[in-house]
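Raw contents of protein-v1.cif, mmCIF, C-alpha atoms:
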data_coords
loop_
_atom_site.group_PDB
_atom_site.id
_atom_site.type_symbol
_atom_site.label_atom_id
_atom_site.label_comp_id
_atom_site.auth_asym_id
_atom_site.auth_seq_id
_atom_site.Cartn_x
_atom_site.Cartn_y
_atom_site.Cartn_z
ATOM 1 C CA MET H 754 6.168 -6.352 40.436
ATOM 2 C CA SER H 755 6.246 -9.281 38.015
ATOM 3 C CA THR H 756 2.437 -9.523 38.022
ATOM 4 C CA LEU H 757 2.087 -5.805 37.266
ATOM 5 C CA SER H 758 4.564 -6.099 34.402
ATOM 6 C CA SER H 759 2.704 -9.125 32.998
ATOM 7 C CA LEU H 760 -0.638 -7.305 33.186
ATOM 8 C CA ALA H 761 0.804 -4.250 31.436
ATOM 9 C CA THR H 762 2.226 -6.449 28.669
ATOM 10 C CA LEU H 763 -1.095 -8.268 28.274
ATOM 11 C CA LEU H 764 -3.001 -4.967 28.128
ATOM 12 C CA ALA H 765 -0.614 -3.551 25.510
ATOM 13 C CA LEU H 766 -0.903 -6.699 23.387
ATOM 14 C CA THR H 767 -4.704 -6.681 23.639
ATOM 15 C CA LEU H 768 -4.888 -3.015 22.595
ATOM 16 C CA ALA H 769 -2.522 -3.582 19.676
ATOM 17 C CA LEU H 770 -4.499 -6.561 18.371
ATOM 18 C CA THR H 771 -7.803 -4.732 18.776
ATOM 19 C CA ALA H 772 -6.484 -1.671 16.930
ATOM 20 C CA CYS H 773 -5.151 -3.511 13.921
ATOM 21 C CA GLY H 774 -7.654 -6.333 13.459
ATOM 22 C CA THR H 775 -6.615 -9.814 12.459
ATOM 23 C CA GLY H 776 -4.958 -9.028 9.132
ATOM 24 C CA ARG H 777 -7.374 -11.389 7.375
ATOM 25 C CA GLY H 778 -9.322 -8.822 5.410
ATOM 26 C CA PRO H 779 -9.645 -5.215 4.422
ATOM 27 C CA SER H 780 -11.509 -4.140 7.538
ATOM 28 C CA ASN H 781 -12.250 -5.155 11.105
ATOM 29 C CA ASN H 782 -13.629 -8.603 10.209
ATOM 30 C CA THR H 783 -17.040 -7.334 9.103
ATOM 31 C CA ASP H 784 -16.975 -10.029 6.410
ATOM 32 C CA PRO H 785 -18.525 -13.202 7.844
ATOM 33 C CA SER H 786 -16.144 -15.317 5.757
ATOM 34 C CA ALA H 787 -13.091 -13.776 7.463
ATOM 35 C CA SER H 788 -13.178 -16.347 10.224
ATOM 36 C CA PRO H 789 -11.556 -19.647 9.227
ATOM 37 C CA SER H 790 -14.408 -21.581 10.836
ATOM 38 C CA ALA H 791 -17.192 -19.528 9.281
ATOM 39 C CA SER H 792 -18.860 -20.632 6.111
ATOM 40 C CA PRO H 793 -18.805 -17.807 3.571
ATOM 41 C CA SER H 794 -22.182 -16.085 3.578
ATOM 42 C CA PRO H 795 -22.885 -14.295 0.340
ATOM 43 C CA SER H 796 -23.838 -10.666 0.746
ATOM 44 C CA PRO H 797 -24.754 -8.091 -1.872
ATOM 45 C CA SER H 798 -21.907 -6.099 -3.294
ATOM 46 C CA SER H 799 -21.621 -2.364 -3.228
ATOM 47 C CA SER H 800 -22.880 -0.734 -6.364
ATOM 48 C CA ALA H 801 -19.963 0.989 -8.059
ATOM 49 C CA PRO H 802 -20.357 2.301 -11.595
ATOM 50 C CA ALA H 803 -19.756 -0.381 -14.212
ATOM 51 C CA PRO H 804 -16.733 0.073 -16.493
ATOM 52 C CA SER H 805 -18.923 0.017 -19.664
ATOM 53 C CA GLY H 806 -21.688 -2.050 -21.188
ATOM 54 C CA GLU H 807 -24.447 -3.840 -19.267
ATOM 55 C CA GLN H 808 -23.881 -3.750 -15.507
ATOM 56 C CA VAL H 809 -23.749 -7.236 -13.971
ATOM 57 C CA SER H 810 -24.760 -7.712 -10.350
ATOM 58 C CA PHE H 811 -22.537 -9.809 -8.119
ATOM 59 C CA THR H 812 -22.472 -11.328 -4.649
ATOM 60 C CA ASN H 813 -19.508 -11.480 -2.308
ATOM 61 C CA LEU H 814 -18.279 -15.034 -1.625
ATOM 62 C CA ALA H 815 -14.998 -14.304 0.176
ATOM 63 C CA GLN H 816 -12.823 -11.293 0.880
ATOM 64 C CA ARG H 817 -10.013 -12.490 3.085
ATOM 65 C CA ASN H 818 -6.472 -13.736 3.367
ATOM 66 C CA SER H 819 -5.846 -16.421 0.741
ATOM 67 C CA GLN H 820 -3.617 -19.457 0.368
ATOM 68 C CA ILE H 821 -2.863 -18.214 -3.177
ATOM 69 C CA GLN H 822 0.426 -16.392 -2.777
ATOM 70 C CA THR H 823 0.954 -14.841 -6.211
ATOM 71 C CA ALA H 824 -0.949 -11.955 -7.744
ATOM 72 C CA ARG H 825 -3.450 -13.225 -10.318
ATOM 73 C CA THR H 826 -7.016 -13.080 -11.510
ATOM 74 C CA ALA H 827 -9.335 -15.988 -12.211
ATOM 75 C CA THR H 828 -12.685 -16.859 -13.741
ATOM 76 C CA ALA H 829 -14.521 -20.109 -12.951
ATOM 77 C CA THR H 830 -17.277 -21.106 -15.361
ATOM 78 C CA THR H 831 -17.701 -24.762 -14.362
ATOM 79 C CA ALA H 832 -18.160 -26.603 -11.082
ATOM 80 C CA GLU H 833 -14.783 -28.314 -11.548
ATOM 81 C CA GLU H 834 -12.960 -24.981 -12.105
ATOM 82 C CA TRP H 835 -14.722 -23.569 -9.028
ATOM 83 C CA LYS H 836 -13.765 -26.558 -6.888
ATOM 84 C CA THR H 837 -10.119 -26.218 -7.965
ATOM 85 C CA LEU H 838 -10.034 -22.444 -7.411
ATOM 86 C CA TRP H 839 -11.653 -22.697 -3.952
ATOM 87 C CA SER H 840 -9.270 -25.485 -2.925
ATOM 88 C CA GLU H 841 -6.266 -23.371 -3.968
ATOM 89 C CA HIS H 842 -7.709 -20.347 -2.146
ATOM 90 C CA MET H 843 -8.645 -22.095 1.114
ATOM 91 C CA GLY H 844 -6.212 -25.016 1.150
ATOM 92 C CA SER H 845 -9.167 -27.440 1.074
ATOM 93 C CA ASP H 846 -12.566 -27.858 -0.550
ATOM 94 C CA SER H 847 -14.509 -27.423 2.699
ATOM 95 C CA ASP H 848 -17.086 -24.652 3.067
ATOM 96 C CA ARG H 849 -17.142 -23.935 -0.680
ATOM 97 C CA PRO H 850 -20.139 -21.676 -1.439
ATOM 98 C CA GLU H 851 -22.736 -23.012 -3.862
ATOM 99 C CA VAL H 852 -22.756 -21.600 -7.384
ATOM 100 C CA ASP H 853 -25.331 -22.472 -10.045
ATOM 101 C CA PHE H 854 -23.255 -22.468 -13.244
ATOM 102 C CA GLU H 855 -26.429 -22.591 -15.351
ATOM 103 C CA LYS H 856 -26.934 -18.915 -14.484
ATOM 104 C CA GLU H 857 -23.845 -17.769 -12.510
ATOM 105 C CA ALA H 858 -20.052 -17.681 -12.767
ATOM 106 C CA VAL H 859 -17.205 -16.778 -10.378
ATOM 107 C CA VAL H 860 -14.531 -14.098 -10.752
ATOM 108 C CA ALA H 861 -11.637 -13.550 -8.351
ATOM 109 C CA VAL H 862 -8.703 -11.234 -7.760
ATOM 110 C CA PHE H 863 -5.690 -12.283 -5.686
ATOM 111 C CA ALA H 864 -3.314 -9.462 -4.710
ATOM 112 C CA GLY H 865 -0.306 -11.670 -3.975
ATOM 113 C CA GLN H 866 2.075 -11.446 -1.045
ATOM 114 C CA LYS H 867 1.998 -8.277 1.063
ATOM 115 C CA PRO H 868 4.496 -7.539 3.884
ATOM 116 C CA THR H 869 1.898 -6.785 6.604
ATOM 117 C CA GLY H 870 -1.823 -6.724 7.301
ATOM 118 C CA GLY H 871 -3.864 -3.711 6.230
ATOM 119 C CA TYR H 872 -3.834 -4.478 2.493
ATOM 120 C CA SER H 873 -7.005 -5.334 0.595
ATOM 121 C CA VAL H 874 -8.341 -5.936 -2.892
ATOM 122 C CA THR H 875 -11.951 -5.199 -3.845
ATOM 123 C CA ILE H 876 -13.930 -5.991 -6.975
ATOM 124 C CA GLN H 877 -15.723 -2.709 -7.625
ATOM 125 C CA ALA H 878 -17.845 -3.380 -10.707
ATOM 126 C CA VAL H 879 -18.625 -6.012 -13.325
ATOM 127 C CA SER H 880 -20.094 -5.373 -16.746
ATOM 128 C CA LEU H 881 -20.705 -7.236 -19.991
ATOM 129 C CA SER H 882 -19.942 -5.759 -23.397
ATOM 130 C CA ASP H 883 -19.665 -7.676 -26.682
ATOM 131 C CA LYS H 884 -19.335 -11.096 -24.968
ATOM 132 C CA THR H 885 -16.478 -9.740 -22.800
ATOM 133 C CA LEU H 886 -16.927 -9.696 -19.062
ATOM 134 C CA GLN H 887 -15.182 -6.608 -17.667
ATOM 135 C CA VAL H 888 -14.128 -6.716 -14.008
ATOM 136 C CA SER H 889 -12.951 -3.515 -12.352
ATOM 137 C CA TYR H 890 -11.068 -3.829 -9.049
ATOM 138 C CA SER H 891 -8.997 -1.730 -6.675
ATOM 139 C CA GLU H 892 -6.188 -2.452 -4.245
ATOM 140 C CA LYS H 893 -5.697 -0.624 -0.969
ATOM 141 C CA SER H 894 -2.501 -0.276 1.071
ATOM 142 C CA PRO H 895 -2.292 0.759 4.722
ATOM 143 C CA SER H 896 -1.366 4.374 5.353
ATOM 144 C CA PRO H 897 2.231 4.918 6.526
ATOM 145 C CA ASP H 898 1.108 5.870 10.039
ATOM 146 C CA SER H 899 -1.391 3.023 10.511
ATOM 147 C CA ILE H 900 -0.805 0.208 12.955
ATOM 148 C CA THR H 901 -0.835 -3.132 11.110
ATOM 149 C CA THR H 902 -0.311 -6.737 12.015
ATOM 150 C CA GLN H 903 3.276 -7.766 11.387
ATOM 151 C CA VAL H 904 2.436 -10.818 9.332
ATOM 152 C CA ILE H 905 2.665 -11.559 5.638
ATOM 153 C CA SER H 906 -0.797 -11.382 4.074
ATOM 154 C CA TYR H 907 -2.375 -12.466 0.776
ATOM 155 C CA PRO H 908 -5.497 -10.349 0.141
ATOM 156 C CA SER H 909 -8.211 -11.645 -2.169
ATOM 157 C CA HIS H 910 -11.759 -11.025 -3.296
ATOM 158 C CA ILE H 911 -14.025 -13.663 -4.834
ATOM 159 C CA VAL H 912 -17.542 -12.952 -6.132
ATOM 160 C CA LYS H 913 -20.207 -14.803 -8.053
ATOM 161 C CA ILE H 914 -21.827 -12.925 -10.888
ATOM 162 C CA ASP H 915 -25.439 -13.112 -11.993
ATOM 163 C CA LYS H 916 -24.564 -14.017 -15.561
ATOM 164 C CA ALA H 917 -24.397 -17.467 -17.112
ATOM 165 C CA PRO H 918 -20.981 -18.528 -18.455
ATOM 166 C CA SER H 919 -22.606 -18.831 -21.902
ATOM 167 C CA ALA H 920 -23.192 -15.046 -21.886
ATOM 168 C CA PHE H 921 -19.469 -14.239 -22.225
ATOM 169 C CA SER H 922 -16.446 -15.692 -24.006
ATOM 170 C CA SER H 923 -13.629 -13.746 -22.329
ATOM 171 C CA THR H 924 -12.892 -11.813 -19.141
ATOM 172 C CA ARG H 925 -10.893 -8.608 -18.829
ATOM 173 C CA PHE H 926 -9.698 -7.448 -15.391
ATOM 174 C CA THR H 927 -8.846 -3.759 -14.944
ATOM 175 C CA LYS H 928 -7.170 -2.300 -11.875
ATOM 176 C CA GLN H 929 -8.556 1.128 -10.972
#

File written out as structure tokens:
Amino acid sequence: MSTLSSLATLLALTLALTACGTGRGPSNNTDPSASPSASPSPSPSSSAPAPSGEQVSFTNLAQRNSQIQTARTATATTAEEWKTLWSEHMGSDSDRPEVDFEKEAVVAVFAGQKPTGGYSVTIQAVSLSDKTLQVSYSEKSPSPDSITTQVISYPSHIVKIDKAPSAFSSTRFTKQ
């Protein structure tokens, strides 16, 4: 009887973990950077309409649980700023994606502490207007009836933009 009870418990736990994912990202770990051992592999972003001005293309660097525990936004325009931001985000400088600051920059959104898994933040669009980089992002919460991991999470999204830091003098983040 004890073996049957143990198997039932193991099956229930396996089903629960499979249903709710790992709590590291906004979906079922489709982001290759969601695994702590995986090196972030840039992938093209979805093309959402730009807020206004010239649309700027961007590449996903990381969309996962972060070590940064407070809600904030960030822009890195130098290698030193990028190294510092990545170290704060990951807890170390390992596996930091390459960025060529002669023609690229990094923007990031950190959603802060959330009570469970199932939360996400996504940079939707980036545009440039009058030397101001405009970053549009959205936050998603789990639906009330969804099954989520019961762990505190810190959603984030970091992208590199195809625009040299010299092309803009300020950054404005707008939550959709």

Polymer residues at most 8 Å from range 916-926 of chain H, only C-alpha atoms, same-chain spacing of 5 or more positions, as a tab-separated table (two decimals) with C-alpha atoms, in the frame of the given file:
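The file below, result-v2.tsv, is the result:
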chain	number	residue	atom	x	y	z
H	809	VAL	CA	-23.75	-7.24	-13.97
H	826	THR	CA	-7.02	-13.08	-11.51
H	828	THR	CA	-12.68	-16.86	-13.74
H	830	THR	CA	-17.28	-21.11	-15.36
H	854	PHE	CA	-23.26	-22.47	-13.24
H	855	GLU	CA	-26.43	-22.59	-15.35
H	856	LYS	CA	-26.93	-18.92	-14.48
H	857	GLU	CA	-23.84	-17.77	-12.51
H	858	ALA	CA	-20.05	-17.68	-12.77
H	881	LEU	CA	-20.70	-7.24	-19.99
H	883	ASP	CA	-19.66	-7.68	-26.68
H	884	LYS	CA	-19.34	-11.10	-24.97
H	885	THR	CA	-16.48	-9.74	-22.80
H	886	LEU	CA	-16.93	-9.70	-19.06
H	887	GLN	CA	-15.18	-6.61	-17.67
H	888	VAL	CA	-14.13	-6.72	-14.01
H	889	SER	CA	-12.95	-3.52	-12.35
H	890	TYR	CA	-11.07	-3.83	-9.05

Just so the selection is clear, what residues does the PyMOL selection byres ((chain H and resi 821) around 9) cover here, as a PyMOL selection string?
chain H and resi 818-820+822-825+841-844+863-866+907-909

Would you mind telling me which residue in H:Glu892, H:Asp915, H:Asp848, H:Glu833 lies nearest to Gly871 in chain H when using only C-alpha atoms?
H:Glu892

Specify as a tab-separated table (two decimals) with C-alpha atoms, keeping the file's coordinate frame each residue included when the PyMOL selection byres ((chain H and resi 810) around 8) is applied to this file.
chain	number	residue	atom	x	y	z
H	798	SER	CA	-21.91	-6.10	-3.29
H	808	GLN	CA	-23.88	-3.75	-15.51
H	809	VAL	CA	-23.75	-7.24	-13.97
H	811	PHE	CA	-22.54	-9.81	-8.12
H	812	THR	CA	-22.47	-11.33	-4.65
H	879	VAL	CA	-18.62	-6.01	-13.32
H	914	ILE	CA	-21.83	-12.92	-10.89
H	915	ASP	CA	-25.44	-13.11	-11.99

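Closest approach to Ala861 in chain H among H:Ile876, H:Glu807, H:Arg817, H:Lys836 is made by H:Ile876 (distances from only C-alpha atoms).
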
Please reconstruct the missing atoms of range 833-861 of chain H (target: N, CA and C atoms) and return them as a PDB file, keeping the file's coordinate frame.
ATOM      1  N   GLU H 833     -16.139 -27.785 -11.746  1.00  0.00           N
ATOM      2  CA  GLU H 833     -14.783 -28.314 -11.548  1.00  0.00           C
ATOM      3  C   GLU H 833     -13.758 -27.180 -11.398  1.00  0.00           C
ATOM      4  N   GLU H 834     -13.860 -26.139 -12.238  1.00  0.00           N
ATOM      5  CA  GLU H 834     -12.960 -24.981 -12.105  1.00  0.00           C
ATOM      6  C   GLU H 834     -13.157 -24.305 -10.752  1.00  0.00           C
ATOM      7  N   TRP H 835     -14.415 -24.198 -10.307  1.00  0.00           N
ATOM      8  CA  TRP H 835     -14.722 -23.569  -9.028  1.00  0.00           C
ATOM      9  C   TRP H 835     -14.157 -24.386  -7.875  1.00  0.00           C
ATOM     10  N   LYS H 836     -14.298 -25.689  -7.937  1.00  0.00           N
ATOM     11  CA  LYS H 836     -13.765 -26.558  -6.888  1.00  0.00           C
ATOM     12  C   LYS H 836     -12.247 -26.405  -6.797  1.00  0.00           C
ATOM     13  N   THR H 837     -11.575 -26.377  -7.934  1.00  0.00           N
ATOM     14  CA  THR H 837     -10.119 -26.218  -7.965  1.00  0.00           C
ATOM     15  C   THR H 837      -9.695 -24.856  -7.418  1.00  0.00           C
ATOM     16  N   LEU H 838     -10.376 -23.797  -7.865  1.00  0.00           N
ATOM     17  CA  LEU H 838     -10.034 -22.444  -7.411  1.00  0.00           C
ATOM     18  C   LEU H 838     -10.240 -22.315  -5.898  1.00  0.00           C
ATOM     19  N   TRP H 839     -11.380 -22.799  -5.393  1.00  0.00           N
ATOM     20  CA  TRP H 839     -11.653 -22.697  -3.952  1.00  0.00           C
ATOM     21  C   TRP H 839     -10.629 -23.491  -3.149  1.00  0.00           C
ATOM     22  N   SER H 840     -10.268 -24.664  -3.623  1.00  0.00           N
ATOM     23  CA  SER H 840      -9.270 -25.485  -2.925  1.00  0.00           C
ATOM     24  C   SER H 840      -7.914 -24.787  -2.873  1.00  0.00           C
ATOM     25  N   GLU H 841      -7.522 -24.135  -3.967  1.00  0.00           N
ATOM     26  CA  GLU H 841      -6.266 -23.371  -3.968  1.00  0.00           C
ATOM     27  C   GLU H 841      -6.362 -22.198  -3.004  1.00  0.00           C
ATOM     28  N   HIS H 842      -7.504 -21.526  -2.988  1.00  0.00           N
ATOM     29  CA  HIS H 842      -7.709 -20.347  -2.146  1.00  0.00           C
ATOM     30  C   HIS H 842      -7.727 -20.702  -0.651  1.00  0.00           C
ATOM     31  N   MET H 843      -8.458 -21.748  -0.298  1.00  0.00           N
ATOM     32  CA  MET H 843      -8.645 -22.095   1.114  1.00  0.00           C
ATOM     33  C   MET H 843      -7.677 -23.161   1.627  1.00  0.00           C
ATOM     34  N   GLY H 844      -7.063 -23.911   0.723  1.00  0.00           N
ATOM     35  CA  GLY H 844      -6.212 -25.016   1.150  1.00  0.00           C
ATOM     36  C   GLY H 844      -6.989 -26.316   1.265  1.00  0.00           C
ATOM     37  N   SER H 845      -8.310 -26.249   1.080  1.00  0.00           N
ATOM     38  CA  SER H 845      -9.167 -27.440   1.074  1.00  0.00           C
ATOM     39  C   SER H 845     -10.467 -27.080   0.362  1.00  0.00           C
ATOM     40  N   ASP H 846     -11.290 -28.084   0.140  1.00  0.00           N
ATOM     41  CA  ASP H 846     -12.566 -27.858  -0.550  1.00  0.00           C
ATOM     42  C   ASP H 846     -13.710 -27.624   0.426  1.00  0.00           C
ATOM     43  N   SER H 847     -13.429 -27.580   1.721  1.00  0.00           N
ATOM     44  CA  SER H 847     -14.509 -27.423   2.699  1.00  0.00           C
ATOM     45  C   SER H 847     -15.100 -26.017   2.637  1.00  0.00           C
ATOM     46  N   ASP H 848     -16.358 -25.924   2.987  1.00  0.00           N
ATOM     47  CA  ASP H 848     -17.086 -24.652   3.067  1.00  0.00           C
ATOM     48  C   ASP H 848     -17.149 -23.887   1.746  1.00  0.00           C
ATOM     49  N   ARG H 849     -17.063 -24.601   0.626  1.00  0.00           N
ATOM     50  CA  ARG H 849     -17.142 -23.935  -0.680  1.00  0.00           C
ATOM     51  C   ARG H 849     -18.574 -23.475  -0.923  1.00  0.00           C
ATOM     52  N   PRO H 850     -18.782 -22.172  -1.176  1.00  0.00           N
ATOM     53  CA  PRO H 850     -20.139 -21.676  -1.439  1.00  0.00           C
ATOM     54  C   PRO H 850     -20.728 -22.299  -2.712  1.00  0.00           C
ATOM     55  N   GLU H 851     -22.038 -22.464  -2.708  1.00  0.00           N
ATOM     56  CA  GLU H 851     -22.736 -23.012  -3.862  1.00  0.00           C
ATOM     57  C   GLU H 851     -22.815 -21.973  -4.982  1.00  0.00           C
ATOM     58  N   VAL H 852     -22.613 -22.446  -6.195  1.00  0.00           N
ATOM     59  CA  VAL H 852     -22.756 -21.600  -7.384  1.00  0.00           C
ATOM     60  C   VAL H 852     -23.512 -22.413  -8.421  1.00  0.00           C
ATOM     61  N   ASP H 853     -24.549 -21.822  -8.999  1.00  0.00           N
ATOM     62  CA  ASP H 853     -25.331 -22.472 -10.045  1.00  0.00           C
ATOM     63  C   ASP H 853     -24.778 -22.024 -11.392  1.00  0.00           C
ATOM     64  N   PHE H 854     -23.932 -22.853 -12.006  1.00  0.00           N
ATOM     65  CA  PHE H 854     -23.255 -22.468 -13.244  1.00  0.00           C
ATOM     66  C   PHE H 854     -24.175 -22.446 -14.461  1.00  0.00           C
ATOM     67  N   GLU H 855     -25.449 -22.771 -14.274  1.00  0.00           N
ATOM     68  CA  GLU H 855     -26.429 -22.591 -15.351  1.00  0.00           C
ATOM     69  C   GLU H 855     -26.749 -21.104 -15.521  1.00  0.00           C
ATOM     70  N   LYS H 856     -26.614 -20.342 -14.415  1.00  0.00           N
ATOM     71  CA  LYS H 856     -26.934 -18.915 -14.484  1.00  0.00           C
ATOM     72  C   LYS H 856     -25.940 -18.005 -13.764  1.00  0.00           C
ATOM     73  N   GLU H 857     -24.840 -18.562 -13.229  1.00  0.00           N
ATOM     74  CA  GLU H 857     -23.845 -17.769 -12.510  1.00  0.00           C
ATOM     75  C   GLU H 857     -22.435 -18.216 -12.889  1.00  0.00           C
ATOM     76  N   ALA H 858     -21.469 -17.359 -12.597  1.00  0.00           N
ATOM     77  CA  ALA H 858     -20.052 -17.681 -12.767  1.00  0.00           C
ATOM     78  C   ALA H 858     -19.308 -17.029 -11.603  1.00  0.00           C
ATOM     79  N   VAL H 859     -18.015 -17.312 -11.478  1.00  0.00           N
ATOM     80  CA  VAL H 859     -17.205 -16.778 -10.378  1.00  0.00           C
ATOM     81  C   VAL H 859     -16.018 -16.014 -10.964  1.00  0.00           C
ATOM     82  N   VAL H 860     -15.744 -14.838 -10.414  1.00  0.00           N
ATOM     83  CA  VAL H 860     -14.531 -14.098 -10.752  1.00  0.00           C
ATOM     84  C   VAL H 860     -13.789 -13.792  -9.453  1.00  0.00           C
ATOM     85  N   ALA H 861     -12.455 -13.744  -9.547  1.00  0.00           N
ATOM     86  CA  ALA H 861     -11.637 -13.550  -8.351  1.00  0.00           C
ATOM     87  C   ALA H 861     -10.391 -12.737  -8.666  1.00  0.00           C
TER      88      ALA H 861
END
